[in-house]
file query_9.tsv (TSV, C-alpha atoms)
chain	number	residue	atom	x	y	z
V	1	MET	CA	-24.24	-66.58	323.38
V	2	ALA	CA	-22.62	-67.46	326.70
V	3	GLY	CA	-20.11	-69.74	324.99
V	4	GLN	CA	-19.24	-67.07	322.44
V	5	GLY	CA	-18.68	-64.55	325.23
V	6	MET	CA	-16.34	-66.92	327.04
V	7	ARG	CA	-14.22	-67.41	323.91
V	8	ASN	CA	-13.98	-63.67	323.31
V	9	ARG	CA	-12.37	-62.77	326.62
V	10	THR	CA	-8.67	-63.33	327.01
V	11	ILE	CA	-8.57	-63.30	330.82
V	12	GLN	CA	-11.11	-65.49	332.58
V	13	LEU	CA	-11.35	-66.36	336.27
V	14	SER	CA	-13.39	-69.04	338.01
V	15	GLU	CA	-15.32	-68.33	341.22
V	16	ILE	CA	-12.48	-69.98	343.16
V	17	ASP	CA	-9.94	-67.79	341.36
V	18	ILE	CA	-11.95	-64.66	342.12
V	19	GLU	CA	-12.04	-65.49	345.82
V	20	SER	CA	-8.33	-66.31	345.88
V	21	TYR	CA	-7.18	-63.20	344.02
V	22	SER	CA	-9.55	-60.85	345.85
V	23	ASN	CA	-8.13	-62.06	349.16
V	24	ARG	CA	-4.87	-60.34	348.18
V	25	CYS	CA	-6.61	-56.95	348.41
V	26	LEU	CA	-6.94	-54.64	351.38
V	27	ARG	CA	-10.21	-53.91	353.13
V	28	GLY	CA	-10.53	-50.59	354.87
V	29	ASP	CA	-11.81	-50.27	358.42
V	30	SER	CA	-9.13	-48.03	359.95
V	31	ALA	CA	-6.71	-45.32	358.84
V	32	PHE	CA	-3.96	-46.29	356.40
V	33	THR	CA	-0.37	-45.10	356.22
V	34	ILE	CA	1.38	-44.46	352.91
V	35	ALA	CA	3.41	-47.64	353.46
V	36	ASP	CA	0.17	-49.61	353.90
V	37	LEU	CA	-1.08	-48.44	350.51
V	38	GLN	CA	1.98	-48.75	348.31
V	39	ASN	CA	1.11	-50.92	345.28
V	40	LYS	CA	-2.18	-52.06	346.79
V	41	VAL	CA	-5.81	-52.49	345.77
V	42	ILE	CA	-8.58	-51.75	348.26
V	43	ILE	CA	-11.93	-53.52	347.99
V	44	GLY	CA	-14.57	-51.09	349.17
V	45	ASN	CA	-16.70	-48.04	348.64
V	46	SER	CA	-14.51	-45.14	347.57
V	47	PHE	CA	-16.50	-42.55	349.47
V	48	GLU	CA	-16.20	-44.55	352.71
V	49	THR	CA	-12.49	-45.17	352.10
V	50	PHE	CA	-11.41	-41.58	351.33
V	51	PRO	CA	-11.34	-40.48	355.02
V	52	LEU	CA	-9.02	-43.41	355.82
V	53	LEU	CA	-6.33	-42.29	353.35
V	54	PRO	CA	-3.29	-40.22	354.36
V	55	ASP	CA	-2.82	-36.61	353.31
V	56	ASN	CA	-0.69	-35.34	350.42
V	57	PHE	CA	0.63	-38.61	348.96
V	58	VAL	CA	-0.72	-38.58	345.37
V	59	ASP	CA	1.46	-37.44	342.46
V	60	LEU	CA	-0.98	-38.38	339.70
V	61	LEU	CA	-4.73	-38.87	340.08
V	62	ILE	CA	-6.55	-40.79	337.34
V	63	VAL	CA	-10.33	-40.84	337.76
V	64	ASP	CA	-12.67	-42.91	335.60
V	65	PRO	CA	-15.98	-42.44	337.39
V	66	PRO	CA	-19.22	-44.08	336.24
V	67	TYR	CA	-20.58	-42.07	333.34
V	68	ASN	CA	-24.09	-40.77	333.81
V	69	LEU	CA	-25.68	-43.81	332.17
V	70	TYR	CA	-27.60	-46.90	333.18
V	71	LYS	CA	-24.81	-49.46	333.46
V	72	SER	CA	-24.14	-52.72	335.30
V	73	TYR	CA	-20.72	-53.20	336.88
V	74	GLY	CA	-20.63	-56.71	338.28
V	75	LYS	CA	-23.26	-56.80	341.02
V	76	THR	CA	-23.65	-53.00	341.06
V	77	ASN	CA	-26.21	-51.24	338.87
V	78	PHE	CA	-25.43	-47.57	338.27
V	79	LYS	CA	-28.54	-45.54	337.54
V	80	LYS	CA	-28.65	-42.43	335.41
V	81	MET	CA	-29.08	-39.26	337.49
V	82	SER	CA	-30.42	-35.82	336.84
V	83	GLU	CA	-27.78	-33.25	335.91
V	84	ALA	CA	-27.98	-31.74	339.40
V	85	GLN	CA	-27.51	-35.15	341.02
V	86	TYR	CA	-24.53	-36.02	338.83
V	87	ILE	CA	-22.90	-32.68	339.63
V	88	GLU	CA	-23.42	-33.43	343.33
V	89	PHE	CA	-21.91	-36.92	342.79
V	90	THR	CA	-18.85	-35.34	341.13
V	91	GLU	CA	-18.44	-32.78	343.91
V	92	LYS	CA	-18.63	-35.58	346.47
V	93	TRP	CA	-15.73	-37.61	345.09
V	94	ILE	CA	-13.60	-34.51	344.48
V	95	GLU	CA	-14.07	-33.21	348.01
V	96	GLY	CA	-13.49	-36.70	349.41
V	97	LEU	CA	-10.04	-37.05	347.92
V	98	LEU	CA	-8.80	-33.45	347.95
V	99	HIS	CA	-6.77	-34.07	351.12
V	100	THR	CA	-4.77	-36.82	349.38
V	101	LEU	CA	-3.35	-34.48	346.72
V	102	LYS	CA	-0.05	-32.64	346.69
V	103	ASN	CA	0.37	-29.09	345.44
V	104	SER	CA	2.11	-30.61	342.39
V	105	THR	CA	-0.52	-33.27	341.63
V	106	SER	CA	-1.86	-33.68	338.10
V	107	ILE	CA	-5.42	-34.93	337.58
V	108	TYR	CA	-7.06	-36.72	334.65
V	109	VAL	CA	-10.82	-37.31	334.61
V	110	CYS	CA	-12.48	-39.55	332.01
V	111	CYS	CA	-15.98	-38.83	330.72
V	112	ASP	CA	-18.29	-39.17	327.73
V	113	TRP	CA	-19.81	-36.34	325.67
V	114	ASN	CA	-22.88	-36.12	327.89
V	115	SER	CA	-21.08	-35.92	331.24
V	116	SER	CA	-18.09	-33.93	329.98
V	117	THR	CA	-19.53	-30.44	330.37
V	118	LEU	CA	-21.06	-31.24	333.75
V	119	ILE	CA	-17.77	-32.56	335.10
V	120	ALA	CA	-15.76	-29.65	333.66
V	121	ALA	CA	-17.97	-27.11	335.41
V	122	VAL	CA	-17.17	-28.77	338.75
V	123	LEU	CA	-13.47	-29.34	338.06
V	124	LYS	CA	-12.76	-25.69	337.36
V	125	ARG	CA	-14.05	-24.75	340.81
V	126	TYR	CA	-11.36	-26.89	342.45
V	127	PHE	CA	-8.48	-27.12	339.97
V	128	THR	CA	-6.86	-25.43	336.99
V	129	ILE	CA	-8.06	-27.04	333.77
V	130	GLN	CA	-5.06	-27.32	331.45
V	131	ASN	CA	-6.65	-29.07	328.48
V	132	ARG	CA	-9.31	-31.46	327.20
V	133	ILE	CA	-8.14	-34.63	325.48
V	134	THR	CA	-10.52	-36.30	323.05
V	135	TRP	CA	-9.77	-39.88	322.10
V	136	GLN	CA	-11.35	-41.99	319.40
V	137	ARG	CA	-12.98	-45.28	320.27
V	138	GLU	CA	-12.79	-47.15	316.99
V	139	LYS	CA	-15.59	-49.55	317.85
V	140	GLY	CA	-19.13	-49.19	319.14
V	141	ARG	CA	-22.75	-49.53	318.16
V	142	GLY	CA	-24.24	-47.50	315.36
V	143	ALA	CA	-27.35	-45.35	315.74
V	144	LEU	CA	-30.33	-44.99	313.38
V	145	ARG	CA	-31.39	-41.51	314.46
V	146	ASN	CA	-28.16	-39.97	315.71
V	147	TRP	CA	-24.39	-39.96	315.16
V	148	LYS	CA	-22.53	-42.98	316.47
V	149	ASN	CA	-20.73	-42.19	319.74
V	150	SER	CA	-17.07	-42.90	318.99
V	151	MET	CA	-15.29	-40.24	321.08
V	152	GLU	CA	-14.60	-39.78	324.77
V	153	ASP	CA	-13.04	-36.91	326.71
V	154	ILE	CA	-10.35	-36.76	329.39
V	155	TRP	CA	-9.98	-33.50	331.32
V	156	PHE	CA	-6.40	-32.62	332.26
V	157	CYS	CA	-6.22	-30.55	335.45
V	158	THR	CA	-3.61	-29.52	337.99
V	159	VAL	CA	-3.70	-28.37	341.59
V	160	SER	CA	-1.23	-25.57	340.85
V	161	LYS	CA	1.25	-24.32	338.24
V	162	ASP	CA	3.85	-26.69	339.69
V	163	PHE	CA	3.32	-29.98	337.86
V	164	THR	CA	5.17	-32.61	335.83
V	165	PHE	CA	4.85	-32.88	332.06
V	166	ASN	CA	7.34	-35.15	330.30
V	167	VAL	CA	6.60	-34.26	326.69
V	168	ASP	CA	9.51	-36.26	325.26
V	169	ASP	CA	8.11	-39.42	326.86
V	170	VAL	CA	4.79	-39.25	324.99
V	171	LYS	CA	5.79	-38.52	321.42
V	172	MET	CA	3.90	-40.17	318.56
V	173	ARG	CA	5.64	-41.96	315.70
V	174	ARG	CA	3.74	-41.12	312.49
V	175	ARG	CA	4.24	-41.86	308.85
V	176	VAL	CA	5.60	-38.99	306.76
V	177	ILE	CA	3.46	-38.50	303.67
V	178	ALA	CA	5.48	-35.71	302.02
V	179	PRO	CA	9.08	-36.03	303.24
V	180	TYR	CA	11.14	-32.83	303.25
V	181	LYS	CA	14.91	-32.93	302.74
V	182	VAL	CA	17.72	-30.44	303.23
V	183	ASP	CA	20.91	-31.06	301.27
V	184	GLY	CA	19.47	-34.41	300.28
V	185	LYS	CA	19.01	-35.57	303.88
V	186	PRO	CA	15.76	-36.07	305.85
V	187	LYS	CA	14.74	-33.08	307.99
V	188	ASP	CA	13.05	-34.09	311.27
V	189	TRP	CA	12.20	-37.61	310.01
V	190	PHE	CA	13.96	-40.88	309.27
V	191	GLU	CA	13.86	-43.53	306.58
V	192	SER	CA	13.30	-47.25	307.07
V	193	LYS	CA	12.49	-50.27	304.92
V	194	GLN	CA	8.87	-49.97	306.08
V	195	GLY	CA	8.55	-46.29	305.17
V	196	ASN	CA	9.30	-42.76	306.38
V	197	PHE	CA	8.50	-41.77	309.97
V	198	ARG	CA	8.63	-38.76	312.27
V	199	ASP	CA	8.43	-38.58	316.07
V	200	THR	CA	5.88	-35.82	316.66
V	201	TYR	CA	4.78	-33.85	319.70
V	202	PRO	CA	1.50	-35.13	321.17
V	203	SER	CA	-1.77	-33.31	320.56
V	204	ASN	CA	-5.02	-33.37	322.52
V	205	PHE	CA	-6.74	-35.58	319.90
V	206	TRP	CA	-5.79	-39.24	320.06
V	207	ASP	CA	-6.73	-41.45	317.12
V	208	ASP	CA	-4.26	-44.24	317.86
V	209	ILE	CA	-6.08	-46.06	320.68
V	210	SER	CA	-7.46	-49.60	320.33
V	211	VAL	CA	-10.20	-50.49	322.80
V	212	PRO	CA	-9.41	-53.92	324.35
V	213	TYR	CA	-10.93	-56.74	322.32
V	214	TRP	CA	-10.96	-60.53	322.57
V	215	SER	CA	-7.48	-61.24	321.16
V	216	MET	CA	-5.67	-58.63	323.28
V	217	SER	CA	-3.95	-60.01	326.37
V	218	GLU	CA	-5.25	-57.14	328.54
V	219	ASN	CA	-8.93	-57.86	327.82
V	220	THR	CA	-11.27	-58.70	330.74
V	221	PRO	CA	-15.07	-58.96	331.22
V	222	HIS	CA	-15.26	-55.37	332.54
V	223	PRO	CA	-17.81	-53.48	330.39
V	224	THR	CA	-15.92	-50.17	330.15
V	225	GLN	CA	-12.26	-51.20	330.43
V	226	LYS	CA	-9.79	-48.47	329.45
V	227	PRO	CA	-6.88	-49.46	327.15
V	228	GLU	CA	-3.41	-49.73	328.66
V	229	LYS	CA	-2.01	-47.54	325.88
V	230	LEU	CA	-4.41	-44.73	326.82
V	231	ILE	CA	-3.44	-44.80	330.49
V	232	ALA	CA	0.26	-45.15	329.66
V	233	LYS	CA	0.21	-41.73	327.99
V	234	LEU	CA	-1.20	-40.12	331.13
V	235	ILE	CA	1.25	-41.84	333.46
V	236	LEU	CA	4.33	-41.15	331.35
V	237	ALA	CA	3.41	-37.51	330.79
V	238	ASN	CA	2.58	-36.53	334.36
V	239	SER	CA	4.63	-38.72	336.65
V	240	ASN	CA	8.15	-40.02	337.12
V	241	LYS	CA	9.44	-43.43	338.16
V	242	GLY	CA	8.68	-44.00	341.83
V	243	ASP	CA	5.77	-41.51	341.90
V	244	PHE	CA	2.38	-42.47	343.36
V	245	VAL	CA	-0.56	-43.00	340.97
V	246	PHE	CA	-4.04	-43.16	342.52
V	247	ASP	CA	-7.23	-44.40	340.83
V	248	PRO	CA	-10.31	-44.24	343.09
V	249	PHE	CA	-12.61	-46.06	340.61
V	250	LEU	CA	-10.18	-48.77	339.55
V	251	GLY	CA	-12.44	-51.12	337.58
V	252	SER	CA	-10.42	-54.04	336.22
V	253	GLY	CA	-7.14	-52.39	337.15
V	254	THR	CA	-5.67	-50.77	334.05
V	255	SER	CA	-4.19	-47.80	335.95
V	256	ALA	CA	-2.54	-50.07	338.50
V	257	VAL	CA	-1.20	-52.48	335.89
V	258	VAL	CA	0.26	-49.74	333.69
V	259	ALA	CA	1.76	-47.96	336.72
V	260	LYS	CA	3.50	-51.21	337.67
V	261	LYS	CA	4.79	-51.76	334.12
V	262	LEU	CA	6.16	-48.20	334.06
V	263	GLU	CA	7.76	-48.47	337.53
V	264	ARG	CA	5.40	-46.19	339.41
V	265	ASN	CA	3.72	-46.91	342.74
V	266	PHE	CA	-0.04	-47.27	342.68
V	267	LEU	CA	-3.20	-47.41	344.74
V	268	GLY	CA	-6.63	-48.35	343.48
V	269	ILE	CA	-10.05	-48.58	345.09
V	270	GLU	CA	-12.77	-50.79	343.60
V	271	LEU	CA	-16.17	-51.78	344.96
V	272	GLU	CA	-16.57	-55.07	343.07
V	273	SER	CA	-14.44	-57.95	344.37
V	274	GLU	CA	-14.62	-59.62	340.94
V	275	TYR	CA	-12.88	-56.68	339.27
V	276	CYS	CA	-10.34	-56.49	342.10
V	277	ALA	CA	-9.54	-60.13	341.38
V	278	TYR	CA	-9.01	-59.36	337.69
V	279	THR	CA	-6.69	-56.54	338.71
V	280	GLN	CA	-4.61	-58.89	340.84
V	281	LYS	CA	-4.43	-61.41	338.00
V	282	ARG	CA	-3.29	-58.70	335.58
V	283	LEU	CA	-0.70	-57.46	338.08
V	284	GLU	CA	0.61	-61.01	338.32
V	285	LEU	CA	0.84	-61.27	334.53
V	286	ALA	CA	2.70	-57.94	334.46
V	287	ASP	CA	5.56	-59.60	336.34
V	288	GLU	CA	6.16	-61.74	333.25
V	289	ASN	CA	5.22	-59.28	330.50
V	290	LYS	CA	5.70	-55.54	330.85
V	291	SER	CA	4.84	-54.70	327.24
V	292	ILE	CA	2.11	-52.19	326.41
V	293	GLN	CA	0.31	-52.61	323.08
V	294	GLY	CA	1.20	-49.72	320.77
V	295	TYR	CA	4.11	-48.44	322.89
V	296	THR	CA	7.65	-49.56	322.06
V	297	ASP	CA	11.04	-47.97	321.46
V	298	GLY	CA	10.03	-45.18	323.87
V	299	VAL	CA	7.31	-43.83	321.55
V	300	PHE	CA	3.64	-44.37	320.83
V	301	TRP	CA	2.73	-45.77	317.44
V	302	GLU	CA	-0.13	-44.98	315.11
V	303	ARG	CA	-2.84	-47.63	315.15
V	304	ASN	CA	-2.10	-50.64	312.93
V	305	THR	CA	1.53	-49.57	312.37
V	306	ALA	CA	4.35	-52.09	312.58
V	307	ASN	CA	7.08	-51.27	315.08
V	308	ILE	CA	9.98	-49.53	313.37
V	309	GLN	CA	13.31	-49.14	315.12
V	310	LYS	CA	14.72	-45.66	314.59
V	311	PRO	CA	18.23	-45.78	313.08
V	312	LYS	CA	21.01	-44.85	315.48
V	313	LYS	CA	23.14	-41.88	314.68
V	314	VAL	CA	26.45	-42.75	313.04
V	315	ILE	CA	29.43	-41.18	314.79
V	316	GLN	CA	32.04	-40.09	312.31
V	317	LYS	CA	35.60	-40.99	313.29
call {"tool": "encode", "arguments": {"input": "query_9.tsv", "output": "structure tokens"}}
result
Amino acid sequence: MAGQGMRNRTIQLSEIDIESYSNRCLRGDSAFTIADLQNKVIIGNSFETFPLLPDNFVDLLIVDPPYNLYKSYGKTNFKKMSEAQYIEFTEKWIEGLLHTLKNSTSIYVCCDWNSSTLIAAVLKRYFTIQNRITWQREKGRGALRNWKNSMEDIWFCTVSKDFTFNVDDVKMRRRVIAPYKVDGKPKDWFESKQGNFRDTYPSNFWDDISVPYWSMSENTPHPTQKPEKLIAKLILANSNKGDFVFDPFLGSGTSAVVAKKLERNFLGIELESEYCAYTQKRLELADENKSIQGYTDGVFWERNTANIQKPKKVIQK
């Protein structure tokens, strides 16, 4: 089984590699300035690091906390809590990082079906909940006595009514099943050799996400790695180039890597040095390849759809 696992992970690091890459990260023992943190990864406990961070520097906060499950993350074993304990855990990280947020900050918080309602109840005490995104995980284990868990939630919140939302940057290119024409010409869609397509406004249900698997270049050994395409939607919608994206539970670095690819500044905090090393390796690879699976031509594509270049408008002379 060990050999099979090694073959099915695109990015692999040796113990020497892990030590080398993790040495590129910061370790917090005194207060940081914004300049100290720009495009950095901190190895450490988030709750101990929060007081060392400067005030009001975050434009977009992406939080992927441990779900309330028994789960091993490297050398750390997260134990399932009671509902009251998990609510207290959620309050603790929110209160710890409140001082880092601007009045215009947008917040996204990832969760599963079981933790979603608990987290939402806490979020609405601190922020304005704008929406709940549900995204489909197209793989996972079946269940004999229950429905297979194939959905996860992301709560979209803001500090105030003053926030960024770039709707044109997150449109979805979908196939047109019943094309409608006016005067014999396509209305709000375009034709190509591969079929008919329309660039549509994004909804809060995402069925176009592929969870990283062995043949994808972004795949790492992290057990709950978020797809780059998923995070790209959040970053493009609620930040602009040069803005600061902060992820306090960084994992294997997807938020940092996507922020770099999309020309945003980033900061991530991660407890496990192994995952920090994978982040640094992925950031290095991003210097050579800035592509994001499922996102080309300035739009997001339906899953398993070939990239279609939209025809340019013909200027009549």
call {"tool": "closest_residue", "arguments": {"input": "query_9.tsv", "among": "V:Ala121, V:Ala237, V:Met151, V:Leu101", "to": "Ala84 in chain V", "atoms": "only C-alpha atoms"}}
result
V:Ala121
call {"tool": "residues_around", "arguments": {"input": "query_9.tsv", "residues": "range 201-204 of chain V", "least_positions_apart": "3", "cutoff": "9 Å", "atoms": "only C-alpha atoms", "output": "PDB file with C-alpha atoms, keeping the file's coordinate frame"}}
result
ATOM      1  CA  ASN V 131      -6.650 -29.070 328.480  1.00  0.00           C
ATOM      2  CA  ARG V 132      -9.310 -31.460 327.200  1.00  0.00           C
ATOM      3  CA  ILE V 133      -8.140 -34.630 325.480  1.00  0.00           C
ATOM      4  CA  THR V 134     -10.520 -36.300 323.050  1.00  0.00           C
ATOM      5  CA  TRP V 135      -9.770 -39.880 322.100  1.00  0.00           C
ATOM      6  CA  VAL V 167       6.600 -34.260 326.690  1.00  0.00           C
ATOM      7  CA  ASP V 168       9.510 -36.260 325.260  1.00  0.00           C
ATOM      8  CA  VAL V 170       4.790 -39.250 324.990  1.00  0.00           C
ATOM      9  CA  LYS V 171       5.790 -38.520 321.420  1.00  0.00           C
ATOM     10  CA  MET V 172       3.900 -40.170 318.560  1.00  0.00           C
TER      11      MET V 172
END
call {"tool": "closest_residue", "arguments": {"input": "query_9.tsv", "among": "V:Ala31, V:Leu52, V:Leu61, V:Ile177", "to": "Ala256 in chain V", "atoms": "only C-alpha atoms"}}
result
V:Leu61
call {"tool": "atom_distance", "arguments": {"input": "query_9.tsv", "atom1": "CA of Arg173 in chain V", "atom2": "CA of Ser210 in chain V"}}
result
15.9 Å
call {"tool": "residues_around", "arguments": {"input": "query_9.tsv", "residues": "Phe246 in chain V", "least_positions_apart": "4", "cutoff": "7 Å", "atoms": "all atoms listed in the file", "output": "list in words"}}
result
Val58, Leu60, Leu61, Ile62, Phe266, Leu267 and Gly268 of chain V
call {"tool": "residues_around", "arguments": {"input": "query_9.tsv", "residues": "range 32-41 of chain V", "least_positions_apart": "5", "cutoff": "12 Å", "atoms": "only C-alpha atoms", "output": "VMD selection string"}}
result
chain V and resid 21 to 27 46 49 to 58 100 242 to 261 263 to 273 275 to 281 283
call {"tool": "write_last_selection", "arguments": {"input": "query_9.tsv", "atoms": "C-alpha atoms", "output": "PDB file, in the frame of the given file"}}
result
ATOM      1  CA  TYR V  21      -7.180 -63.200 344.020  1.00  0.00           C
ATOM      2  CA  SER V  22      -9.550 -60.850 345.850  1.00  0.00           C
ATOM      3  CA  ASN V  23      -8.130 -62.060 349.160  1.00  0.00           C
ATOM      4  CA  ARG V  24      -4.870 -60.340 348.180  1.00  0.00           C
ATOM      5  CA  CYS V  25      -6.610 -56.950 348.410  1.00  0.00           C
ATOM      6  CA  LEU V  26      -6.940 -54.640 351.380  1.00  0.00           C
ATOM      7  CA  ARG V  27     -10.210 -53.910 353.130  1.00  0.00           C
ATOM      8  CA  SER V  46     -14.510 -45.140 347.570  1.00  0.00           C
ATOM      9  CA  THR V  49     -12.490 -45.170 352.100  1.00  0.00           C
ATOM     10  CA  PHE V  50     -11.410 -41.580 351.330  1.00  0.00           C
ATOM     11  CA  PRO V  51     -11.340 -40.480 355.020  1.00  0.00           C
ATOM     12  CA  LEU V  52      -9.020 -43.410 355.820  1.00  0.00           C
ATOM     13  CA  LEU V  53      -6.330 -42.290 353.350  1.00  0.00           C
ATOM     14  CA  PRO V  54      -3.290 -40.220 354.360  1.00  0.00           C
ATOM     15  CA  ASP V  55      -2.820 -36.610 353.310  1.00  0.00           C
ATOM     16  CA  ASN V  56      -0.690 -35.340 350.420  1.00  0.00           C
ATOM     17  CA  PHE V  57       0.630 -38.610 348.960  1.00  0.00           C
ATOM     18  CA  VAL V  58      -0.720 -38.580 345.370  1.00  0.00           C
ATOM     19  CA  THR V 100      -4.770 -36.820 349.380  1.00  0.00           C
ATOM     20  CA  GLY V 242       8.680 -44.000 341.830  1.00  0.00           C
ATOM     21  CA  ASP V 243       5.770 -41.510 341.900  1.00  0.00           C
ATOM     22  CA  PHE V 244       2.380 -42.470 343.360  1.00  0.00           C
ATOM     23  CA  VAL V 245      -0.560 -43.000 340.970  1.00  0.00           C
ATOM     24  CA  PHE V 246      -4.040 -43.160 342.520  1.00  0.00           C
ATOM     25  CA  ASP V 247      -7.230 -44.400 340.830  1.00  0.00           C
ATOM     26  CA  PRO V 248     -10.310 -44.240 343.090  1.00  0.00           C
ATOM     27  CA  PHE V 249     -12.610 -46.060 340.610  1.00  0.00           C
ATOM     28  CA  LEU V 250     -10.180 -48.770 339.550  1.00  0.00           C
ATOM     29  CA  GLY V 251     -12.440 -51.120 337.580  1.00  0.00           C
ATOM     30  CA  SER V 252     -10.420 -54.040 336.220  1.00  0.00           C
ATOM     31  CA  GLY V 253      -7.140 -52.390 337.150  1.00  0.00           C
ATOM     32  CA  THR V 254      -5.670 -50.770 334.050  1.00  0.00           C
ATOM     33  CA  SER V 255      -4.190 -47.800 335.950  1.00  0.00           C
ATOM     34  CA  ALA V 256      -2.540 -50.070 338.500  1.00  0.00           C
ATOM     35  CA  VAL V 257      -1.200 -52.480 335.890  1.00  0.00           C
ATOM     36  CA  VAL V 258       0.260 -49.740 333.690  1.00  0.00           C
ATOM     37  CA  ALA V 259       1.760 -47.960 336.720  1.00  0.00           C
ATOM     38  CA  LYS V 260       3.500 -51.210 337.670  1.00  0.00           C
ATOM     39  CA  LYS V 261       4.790 -51.760 334.120  1.00  0.00           C
ATOM     40  CA  GLU V 263       7.760 -48.470 337.530  1.00  0.00           C
ATOM     41  CA  ARG V 264       5.400 -46.190 339.410  1.00  0.00           C
ATOM     42  CA  ASN V 265       3.720 -46.910 342.740  1.00  0.00           C
ATOM     43  CA  PHE V 266      -0.040 -47.270 342.680  1.00  0.00           C
ATOM     44  CA  LEU V 267      -3.200 -47.410 344.740  1.00  0.00           C
ATOM     45  CA  GLY V 268      -6.630 -48.350 343.480  1.00  0.00           C
ATOM     46  CA  ILE V 269     -10.050 -48.580 345.090  1.00  0.00           C
ATOM     47  CA  GLU V 270     -12.770 -50.790 343.600  1.00  0.00           C
ATOM     48  CA  LEU V 271     -16.170 -51.780 344.960  1.00  0.00           C
ATOM     49  CA  GLU V 272     -16.570 -55.070 343.070  1.00  0.00           C
ATOM     50  CA  SER V 273     -14.440 -57.950 344.370  1.00  0.00           C
ATOM     51  CA  TYR V 275     -12.880 -56.680 339.270  1.00  0.00           C
ATOM     52  CA  CYS V 276     -10.340 -56.490 342.100  1.00  0.00           C
ATOM     53  CA  ALA V 277      -9.540 -60.130 341.380  1.00  0.00           C
ATOM     54  CA  TYR V 278      -9.010 -59.360 337.690  1.00  0.00           C
ATOM     55  CA  THR V 279      -6.690 -56.540 338.710  1.00  0.00           C
ATOM     56  CA  GLN V 280      -4.610 -58.890 340.840  1.00  0.00           C
ATOM     57  CA  LYS V 281      -4.430 -61.410 338.000  1.00  0.00           C
ATOM     58  CA  LEU V 283      -0.700 -57.460 338.080  1.00  0.00           C
TER      59      LEU V 283
END
call {"tool": "atom_distance", "arguments": {"input": "query_9.tsv", "atom1": "CA of Lys229 in chain V", "atom2": "CA of Arg198 in chain V"}}
result
19.4 Å
call {"tool": "residues_around", "arguments": {"input": "query_9.tsv", "residues": "Asp207 in chain V", "least_positions_apart": "2", "cutoff": "8 Å", "atoms": "only C-alpha atoms", "output": "VMD selection string"}}
result
chain V and resid 135 to 137 205 209 302 to 303
call {"tool": "closest_residue", "arguments": {"input": "query_9.tsv", "among": "V:Lys80, V:Phe190, V:Val109, V:Ser20", "to": "Pro65 in chain V", "atoms": "all atoms listed in the file"}}
result
V:Val109
call {"tool": "atom_distance", "arguments": {"input": "query_9.tsv", "atom1": "CA of Ala232 in chain V", "atom2": "CA of Gln293 in chain V"}}
result
9.9 Å
call {"tool": "closest_residue", "arguments": {"input": "query_9.tsv", "among": "V:Lys187, V:Arg282, V:Lys233, V:Lys161", "to": "Asn103 in chain V", "atoms": "only C-alpha atoms"}}
result
V:Lys161
call {"tool": "closest_residue", "arguments": {"input": "query_9.tsv", "among": "V:Ser104, V:Ser115, V:Thr224, V:Ser72", "to": "Phe89 in chain V", "atoms": "only C-alpha atoms"}}
result
V:Ser115
call {"tool": "closest_residue", "arguments": {"input": "query_9.tsv", "among": "V:Lys124, V:Arg145, V:Arg174, V:Lys102", "to": "Trp301 in chain V", "atoms": "only C-alpha atoms"}}
result
V:Arg174
call {"tool": "residues_near_point", "arguments": {"input": "query_9.tsv", "point": "(1.5, -33.2, 336.9)", "cutoff": "6 Å", "atoms": "only C-alpha atoms", "output": "short mmCIF file (atom, residue, chain, number, x, y, z; two decimals) with C-alpha atoms, in the frame of the given file"}}
result
data_model
loop_
_atom_site.label_atom_id
_atom_site.label_comp_id
_atom_site.auth_asym_id
_atom_site.auth_seq_id
_atom_site.Cartn_x
_atom_site.Cartn_y
_atom_site.Cartn_z
CA THR V 105 -0.52 -33.27 341.63
CA SER V 106 -1.86 -33.68 338.10
CA PHE V 163 3.32 -29.98 337.86
CA THR V 164 5.17 -32.61 335.83
CA PHE V 165 4.85 -32.88 332.06
CA ASN V 238 2.58 -36.53 334.36
#
